[in-house]
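Asker: Sharing upload_2.txt (compact mmCIF, C-alpha atoms and all ligand atoms) below.
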```txt
# COMPACT_ATOMS: atom_id res chain seq x y z
CA MET B 1 -5.26 8.58 -13.02
CA ALA B 2 -4.35 4.92 -12.36
CA LYS B 3 -0.98 3.86 -13.75
CA GLN B 4 0.79 0.59 -14.43
CA ILE B 5 3.92 -0.37 -12.50
CA GLU B 6 6.61 -2.47 -14.12
CA VAL B 7 9.27 -3.89 -11.78
CA SER B 8 12.44 -5.46 -13.23
CA ASP B 9 14.97 -7.54 -11.32
CA LEU B 10 14.63 -5.59 -8.09
CA ASP B 11 16.82 -6.22 -5.03
CA ALA B 12 16.46 -4.30 -1.76
CA TYR B 13 19.07 -4.11 1.00
CA TYR B 14 19.32 -3.01 4.61
CA GLY B 15 23.05 -2.32 4.84
CA SER B 16 24.69 -5.53 3.70
CA HIS B 17 21.54 -7.62 4.30
CA LYS B 18 19.69 -8.38 1.08
CA ALA B 19 16.02 -8.53 2.08
CA ILE B 20 14.48 -9.21 -1.36
CA GLU B 21 16.00 -10.46 -4.58
CA GLY B 22 15.25 -10.52 -8.27
CA ILE B 23 11.66 -9.32 -8.20
CA THR B 24 10.09 -8.84 -11.61
CA MET B 25 6.38 -8.17 -11.97
CA THR B 26 3.74 -6.02 -13.62
CA ILE B 27 1.12 -4.35 -11.42
CA GLU B 28 -1.97 -3.49 -13.43
CA PRO B 29 -3.87 -0.21 -13.15
CA ARG B 30 -7.50 -0.10 -12.02
CA SER B 31 -7.11 -3.34 -10.11
CA VAL B 32 -6.12 -4.63 -6.69
CA THR B 33 -2.91 -6.62 -6.34
CA ALA B 34 -2.36 -8.50 -3.05
CA PHE B 35 1.07 -9.45 -1.66
CA ILE B 36 1.00 -12.52 0.56
CA GLY B 37 3.68 -14.68 2.14
CA PRO B 38 5.19 -15.69 5.49
CA SER B 39 6.54 -13.16 7.96
CA GLY B 40 9.91 -11.69 6.99
CA CYS B 41 9.75 -12.58 3.29
CA GLY B 42 9.97 -8.90 2.36
CA LYS B 43 6.41 -7.90 1.42
CA SER B 44 6.54 -4.59 3.28
CA THR B 45 10.07 -3.90 2.11
CA PHE B 46 9.04 -4.43 -1.49
CA LEU B 47 5.93 -2.28 -1.02
CA ARG B 48 8.09 0.56 0.29
CA THR B 49 10.40 0.38 -2.72
CA LEU B 50 7.38 1.22 -4.89
CA ASN B 51 7.23 4.79 -3.55
CA ARG B 52 10.85 5.28 -2.49
CA MET B 53 10.04 4.98 1.21
CA HIS B 54 12.54 2.15 1.59
CA GLU B 55 15.51 4.46 1.19
CA VAL B 56 14.51 6.71 4.11
CA ILE B 57 15.93 4.02 6.43
CA PRO B 58 19.67 4.70 6.93
CA GLY B 59 21.77 2.25 4.91
CA ALA B 60 18.79 1.00 2.90
CA ARG B 61 19.04 0.90 -0.89
CA VAL B 62 17.65 -0.80 -3.98
CA GLU B 63 19.04 -2.20 -7.21
CA GLY B 64 16.95 -2.82 -10.30
CA LYS B 65 14.28 -0.83 -12.03
CA ILE B 66 10.73 0.34 -11.35
CA MET B 67 8.79 2.10 -14.09
CA LEU B 68 5.55 3.95 -13.35
CA GLU B 69 4.25 4.00 -16.93
CA ASP B 70 7.03 5.94 -18.66
CA GLN B 71 8.69 7.33 -15.52
CA ASP B 72 11.75 5.58 -14.08
CA LEU B 73 11.08 5.96 -10.33
CA TYR B 74 14.76 5.65 -9.49
CA GLY B 75 15.97 7.89 -12.33
CA THR B 76 18.64 10.40 -11.27
CA GLU B 77 16.42 13.41 -11.99
CA VAL B 78 13.42 12.09 -10.04
CA ASP B 79 12.38 13.79 -6.79
CA PRO B 80 11.43 11.10 -4.22
CA VAL B 81 8.96 13.49 -2.59
CA SER B 82 7.00 13.82 -5.83
CA VAL B 83 7.08 10.02 -6.20
CA ARG B 84 5.47 9.69 -2.76
CA ARG B 85 2.76 12.11 -3.84
CA THR B 86 1.99 10.07 -6.95
CA VAL B 87 2.27 6.76 -5.10
CA GLY B 88 0.40 7.22 -1.81
CA MET B 89 0.59 4.96 1.20
CA VAL B 90 -1.74 3.79 3.96
CA PHE B 91 -0.19 2.11 6.98
CA GLN B 92 -1.11 -0.70 9.33
CA ARG B 93 -2.06 1.58 12.22
CA PRO B 94 -4.26 4.53 11.33
CA ASN B 95 -2.01 7.57 11.79
CA PRO B 96 -4.01 10.77 11.48
CA PHE B 97 -2.14 13.87 12.63
CA PRO B 98 -3.39 13.81 16.24
CA THR B 99 -3.71 17.52 16.92
CA MET B 100 -5.25 18.40 13.55
CA SER B 101 -8.95 18.57 12.81
CA ILE B 102 -10.61 16.09 10.47
CA PHE B 103 -10.69 18.79 7.79
CA ASP B 104 -7.03 19.71 8.21
CA ASN B 105 -5.94 16.07 8.15
CA VAL B 106 -7.39 15.69 4.67
CA ALA B 107 -6.15 19.11 3.55
CA ALA B 108 -2.61 18.58 4.89
CA GLY B 109 -1.11 17.11 1.73
CA LEU B 110 -2.83 19.68 -0.49
CA ARG B 111 -1.28 22.51 1.47
CA LEU B 112 2.17 20.95 1.15
CA ASN B 113 1.63 20.80 -2.59
CA GLY B 114 1.44 24.57 -2.89
CA ARG B 115 -1.21 27.18 -3.35
CA VAL B 116 -4.78 25.92 -3.38
CA SER B 117 -7.64 28.33 -2.68
CA ARG B 118 -9.88 27.89 0.36
CA SER B 119 -12.90 26.98 -1.75
CA GLU B 120 -10.88 24.54 -3.85
CA THR B 121 -9.54 22.95 -0.66
CA GLU B 122 -13.06 22.65 0.76
CA GLY B 123 -14.24 20.96 -2.44
CA ILE B 124 -11.36 18.48 -2.50
CA VAL B 125 -11.74 17.67 1.22
CA GLU B 126 -15.45 16.94 0.73
CA THR B 127 -14.88 14.81 -2.38
CA SER B 128 -12.03 12.88 -0.73
CA LEU B 129 -14.11 12.17 2.38
CA LYS B 130 -17.01 11.06 0.17
CA ASP B 131 -14.72 8.83 -1.88
CA ALA B 132 -13.38 7.36 1.36
CA ASN B 133 -16.97 6.55 2.48
CA LEU B 134 -16.55 8.79 5.53
CA TRP B 135 -18.33 12.04 4.66
CA ASN B 136 -21.72 11.20 6.18
CA GLU B 137 -20.13 10.23 9.47
CA VAL B 138 -17.99 13.37 9.86
CA LYS B 139 -19.61 16.19 7.89
CA ASP B 140 -21.01 17.77 11.06
CA ARG B 141 -17.72 17.69 12.97
CA LEU B 142 -15.04 18.58 10.45
CA ASN B 143 -13.35 20.87 12.96
CA LYS B 144 -13.03 18.17 15.63
CA PRO B 145 -9.69 16.32 16.02
CA GLY B 146 -9.12 13.32 13.74
CA SER B 147 -7.92 11.37 16.76
CA GLY B 148 -11.49 11.43 18.15
CA LEU B 149 -12.72 9.02 15.47
CA SER B 150 -12.96 5.22 15.83
CA GLY B 151 -10.08 3.12 14.49
CA GLY B 152 -11.97 2.24 11.32
CA GLN B 153 -12.99 5.86 10.77
CA GLN B 154 -9.39 6.97 11.34
CA GLN B 155 -8.20 4.52 8.70
CA ARG B 156 -10.78 5.87 6.23
CA LEU B 157 -9.59 9.38 7.16
CA CYS B 158 -6.03 8.33 6.28
CA ILE B 159 -7.32 6.99 2.96
CA ALA B 160 -9.11 10.32 2.35
CA ARG B 161 -5.84 12.14 3.15
CA ALA B 162 -3.97 9.88 0.71
CA ILE B 163 -6.44 10.36 -2.16
CA ALA B 164 -6.83 14.13 -1.64
CA VAL B 165 -3.58 14.74 -3.54
CA SER B 166 -4.81 12.68 -6.55
CA PRO B 167 -2.27 9.86 -6.51
CA ALA B 168 -2.05 7.28 -9.31
CA VAL B 169 -1.27 4.40 -6.96
CA LEU B 170 -2.32 3.54 -3.41
CA LEU B 171 -0.09 1.23 -1.39
CA MET B 172 -1.69 -0.34 1.66
CA ASP B 173 0.39 -2.18 4.24
CA GLU B 174 -1.97 -4.43 6.20
CA PRO B 175 -4.55 -1.62 6.38
CA CYS B 176 -7.08 -3.68 8.37
CA SER B 177 -4.88 -5.53 10.82
CA ALA B 178 -5.65 -3.10 13.65
CA LEU B 179 -9.40 -3.02 12.92
CA ASP B 180 -12.46 -4.97 14.06
CA PRO B 181 -14.34 -7.15 11.52
CA ILE B 182 -17.03 -4.52 10.73
CA SER B 183 -14.44 -1.78 10.09
CA THR B 184 -12.42 -4.28 8.06
CA LEU B 185 -15.40 -4.93 5.80
CA ALA B 186 -15.92 -1.18 5.39
CA ILE B 187 -12.29 -0.78 4.26
CA GLU B 188 -12.56 -3.79 1.93
CA ASP B 189 -15.71 -2.30 0.33
CA LEU B 190 -13.85 0.95 -0.06
CA ILE B 191 -10.86 -0.77 -1.70
CA SER B 192 -13.21 -2.45 -4.20
CA LYS B 193 -14.68 0.94 -5.05
CA LEU B 194 -11.36 2.79 -5.26
CA LYS B 195 -9.86 0.32 -7.69
CA ASN B 196 -11.94 1.91 -10.45
CA ASP B 197 -9.71 4.99 -10.20
CA TYR B 198 -6.39 3.83 -8.77
CA THR B 199 -3.78 1.13 -8.94
CA ILE B 200 -4.03 -0.56 -5.54
CA VAL B 201 -1.45 -2.79 -3.88
CA ILE B 202 -2.25 -4.36 -0.53
CA VAL B 203 -0.05 -6.39 1.80
CA THR B 204 -2.17 -8.73 3.87
CA HIS B 205 -1.68 -11.67 6.23
CA ASN B 206 -5.32 -12.51 5.87
CA MET B 207 -5.80 -15.00 3.07
CA GLN B 208 -9.57 -14.53 3.01
CA GLN B 209 -9.01 -10.83 2.60
CA ALA B 210 -6.64 -11.34 -0.33
CA ALA B 211 -9.24 -13.65 -1.91
CA ARG B 212 -12.06 -11.16 -1.29
CA VAL B 213 -10.49 -7.92 -2.46
CA SER B 214 -7.75 -8.63 -4.96
CA ASP B 215 -7.75 -9.33 -8.69
CA ARG B 216 -4.19 -10.60 -8.75
CA THR B 217 -2.09 -12.13 -5.99
CA ALA B 218 1.68 -12.32 -5.62
CA PHE B 219 3.10 -14.97 -3.29
CA PHE B 220 6.53 -14.26 -1.78
CA ASN B 221 8.72 -16.67 0.17
CA LEU B 222 12.16 -17.00 1.70
CA ALA B 223 14.51 -19.35 -0.11
CA GLY B 224 15.82 -20.34 3.36
CA GLN B 225 16.91 -19.00 6.73
CA GLY B 226 18.88 -15.78 6.25
CA GLN B 227 18.16 -15.81 2.49
CA PRO B 228 16.40 -12.93 0.71
CA GLY B 229 12.69 -13.09 -0.04
CA LYS B 230 11.66 -13.88 -3.61
CA LEU B 231 8.52 -13.74 -5.69
CA VAL B 232 7.38 -17.34 -6.05
CA GLU B 233 4.43 -16.73 -8.35
CA MET B 234 1.88 -14.14 -9.33
CA ASP B 235 -1.39 -14.77 -11.08
CA GLU B 236 -5.12 -14.14 -11.05
CA THR B 237 -6.25 -14.41 -7.43
CA SER B 238 -8.76 -17.15 -8.30
CA LYS B 239 -5.94 -19.21 -9.86
CA ILE B 240 -3.55 -18.70 -6.92
CA PHE B 241 -6.21 -19.84 -4.45
CA THR B 242 -7.57 -22.79 -6.42
CA ASN B 243 -4.81 -24.05 -8.65
CA PRO B 244 -1.39 -22.51 -7.94
CA THR B 245 1.52 -23.59 -10.09
CA GLN B 246 4.07 -23.87 -7.28
CA LYS B 247 3.92 -26.35 -4.42
CA ALA B 248 5.19 -23.72 -1.95
CA THR B 249 2.19 -21.52 -2.81
CA GLU B 250 -0.21 -24.39 -2.27
CA ASP B 251 1.43 -25.28 1.06
CA TYR B 252 1.14 -21.67 2.20
CA ILE B 253 -2.44 -21.03 1.18
CA THR B 254 -3.60 -24.31 2.66
CA GLY B 255 -1.96 -23.37 5.96
CA ARG B 256 0.82 -25.96 5.89
CA PHE B 257 3.39 -23.29 6.79
CA GLY B 258 3.74 -19.61 7.54
N1 LIG S 1 14.27 -1.27 9.21
C1 LIG S 1 14.88 -2.43 8.98
N2 LIG S 1 16.19 -2.59 9.21
C2 LIG S 1 16.83 -3.75 8.98
N3 LIG S 1 16.22 -4.85 8.51
C3 LIG S 1 14.91 -4.78 8.25
C4 LIG S 1 14.16 -3.56 8.47
N4 LIG S 1 12.86 -3.80 8.13
C5 LIG S 1 12.82 -5.08 7.72
N5 LIG S 1 14.02 -5.67 7.79
C6 LIG S 1 14.35 -7.05 7.42
O1 LIG S 1 13.99 -7.28 6.06
C7 LIG S 1 13.40 -8.56 5.90
C8 LIG S 1 12.01 -8.40 5.29
O2 LIG S 1 11.16 -7.73 6.23
P1 LIG S 1 9.70 -7.21 5.87
O3 LIG S 1 9.19 -6.47 7.05
O4 LIG S 1 9.76 -6.53 4.57
O5 LIG S 1 8.94 -8.59 5.66
P2 LIG S 1 7.37 -8.86 5.63
O6 LIG S 1 7.17 -9.98 4.68
O7 LIG S 1 6.64 -7.61 5.37
O8 LIG S 1 7.12 -9.34 7.11
P3 LIG S 1 5.79 -9.29 8.03
O9 LIG S 1 4.79 -10.11 7.29
O10 LIG S 1 6.22 -9.92 9.31
O11 LIG S 1 5.42 -7.85 8.16
C9 LIG S 1 13.42 -9.22 7.26
O12 LIG S 1 14.59 -10.02 7.34
C10 LIG S 1 13.52 -8.05 8.22
O13 LIG S 1 14.17 -8.41 9.41
```
What's the structure tokens form of this structure?
Answerer:
Amino acid sequence: MAKQIEVSDLDAYYGSHKAIEGITMTIEPRSVTAFIGPSGCGKSTFLRTLNRMHEVIPGARVEGKIMLEDQDLYGTEVDPVSVRRTVGMVFQRPNPFPTMSIFDNVAAGLRLNGRVSRSETEGIVETSLKDANLWNEVKDRLNKPGSGLSGGQQQRLCIARAIAVSPAVLLMDEPCSALDPISTLAIEDLISKLKNDYTIVIVTHNMQQAARVSDRTAFFNLAGQGQPGKLVEMDETSKIFTNPTQKATEDYITGRFG
């Protein structure tokens, strides 16, 4: 299921403002890649280019190339909706559909995908909730609203909803920033488990979190005020946090700026 992503010379714009420039990197399957860097350097923008969510903002566009294995994500014949199915996303604030039950939240994407039988849907909902480490907590109240769960449970529900449609990649934009430390650890454990089946990319402001959960880390920075964000370096997480090549990376991870 997990697939490799190959990004070549990618720029992303909001109107005439170039937010990121010249990004080239390989994101490995069955591993966790963390994006770190100071506020405004374009981490979230870049993340959203990986599933064509960037372009839903009026005036936003990209230049460059992103390959998901042998598929050119920005190829003329490619349907952005199918890209978003293959490359799922989990946001900063848990966003279950508020009026839907726990069951229906997980089944929502499946139903959009077309005809799936009731028993198939039930099976996939159960497996997705189990894979999201939530099944035991909700199995007796599947028909209750998703909004009745705790923040951490809601975030795991959103992860279950994302994995129910069998994506190849999971993008996570600061998935723990609205959660307490216990719920954060539960999500981090889950990420470590899910990486066996998916390609995972996580944006995080929390350096300890990047060090705990990721295999590889990419450090982004702004070349200057009003300049686009750039990839400074990307390497094994242990190398980035102990012996980075670039001084800007060292300054950032040691808390000298950002
Ligand atoms: N919807 C938008 N419209 C216009 N400009 C935007 C939009 N979203 C982001 N930007 C701009 O793009 C640049 C990169 O922002 P982005 O949110 O990607 O950075 P970030 O590194 O994720 O920041 P943070 O860590 O604060 O979330 C910034 O200059 C920001 O102001």
Asker: Please return the centre and edge lengths, in Å to one decimal, of a box with edges along x, y and z that contains all listed atoms of segment 13-28 of chain B, widened by 4 Å on every side, as lines of an AutoDock Vina configuration file.
Answerer:
```
center_x = 11.4
center_y = -6.4
center_z = -4.4
size_x = 34.7
size_y = 16.2
size_z = 26.5
```
Asker: Name each residue within 9 Å of ligand LIG 1 (chain S), counting only C-alpha atoms and all ligand atoms, as a PyMOL selection string.
Answerer: chain B and resi 12-15+17-20+35-48+54+57-60+173-174+203-205+220-221+226-229
Asker: Record the distance separating atom CA of Met89 of chain B and atom CA of Phe241 of chain B, expressed in Å with one decimal.
Answerer: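 Calculated distance between atom CA of Met89 of chain B and atom CA of Phe241 of chain B is 26.3 Å.
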Asker: Which value, in Å to one decimal, gives the distance between atom CA of Asp180 of chain B and atom CA of Leu149 of chain B?
Answerer: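 Atom-to-atom, atom CA of Asp180 of chain B to atom CA of Leu149 of chain B, that is 14.1 Å.
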Asker: Using all atoms listed in the file, which residue out of B:Gln154, B:Thr184, B:Thr24, B:Gln4 lies closest to Leu134 of chain B?
Answerer: B:Gln154
Asker: Would you pick out the contacts of Glu63 of chain B at 7 Å or less, using only C-alpha atoms, so that residues sharing its chain but fewer than 2 positions from it are not included, and give the list as a list in words?
Answerer: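 After dropping sequence-adjacent residues, the list is Leu10, Asp11, Ala12 and Lys65 of chain B.
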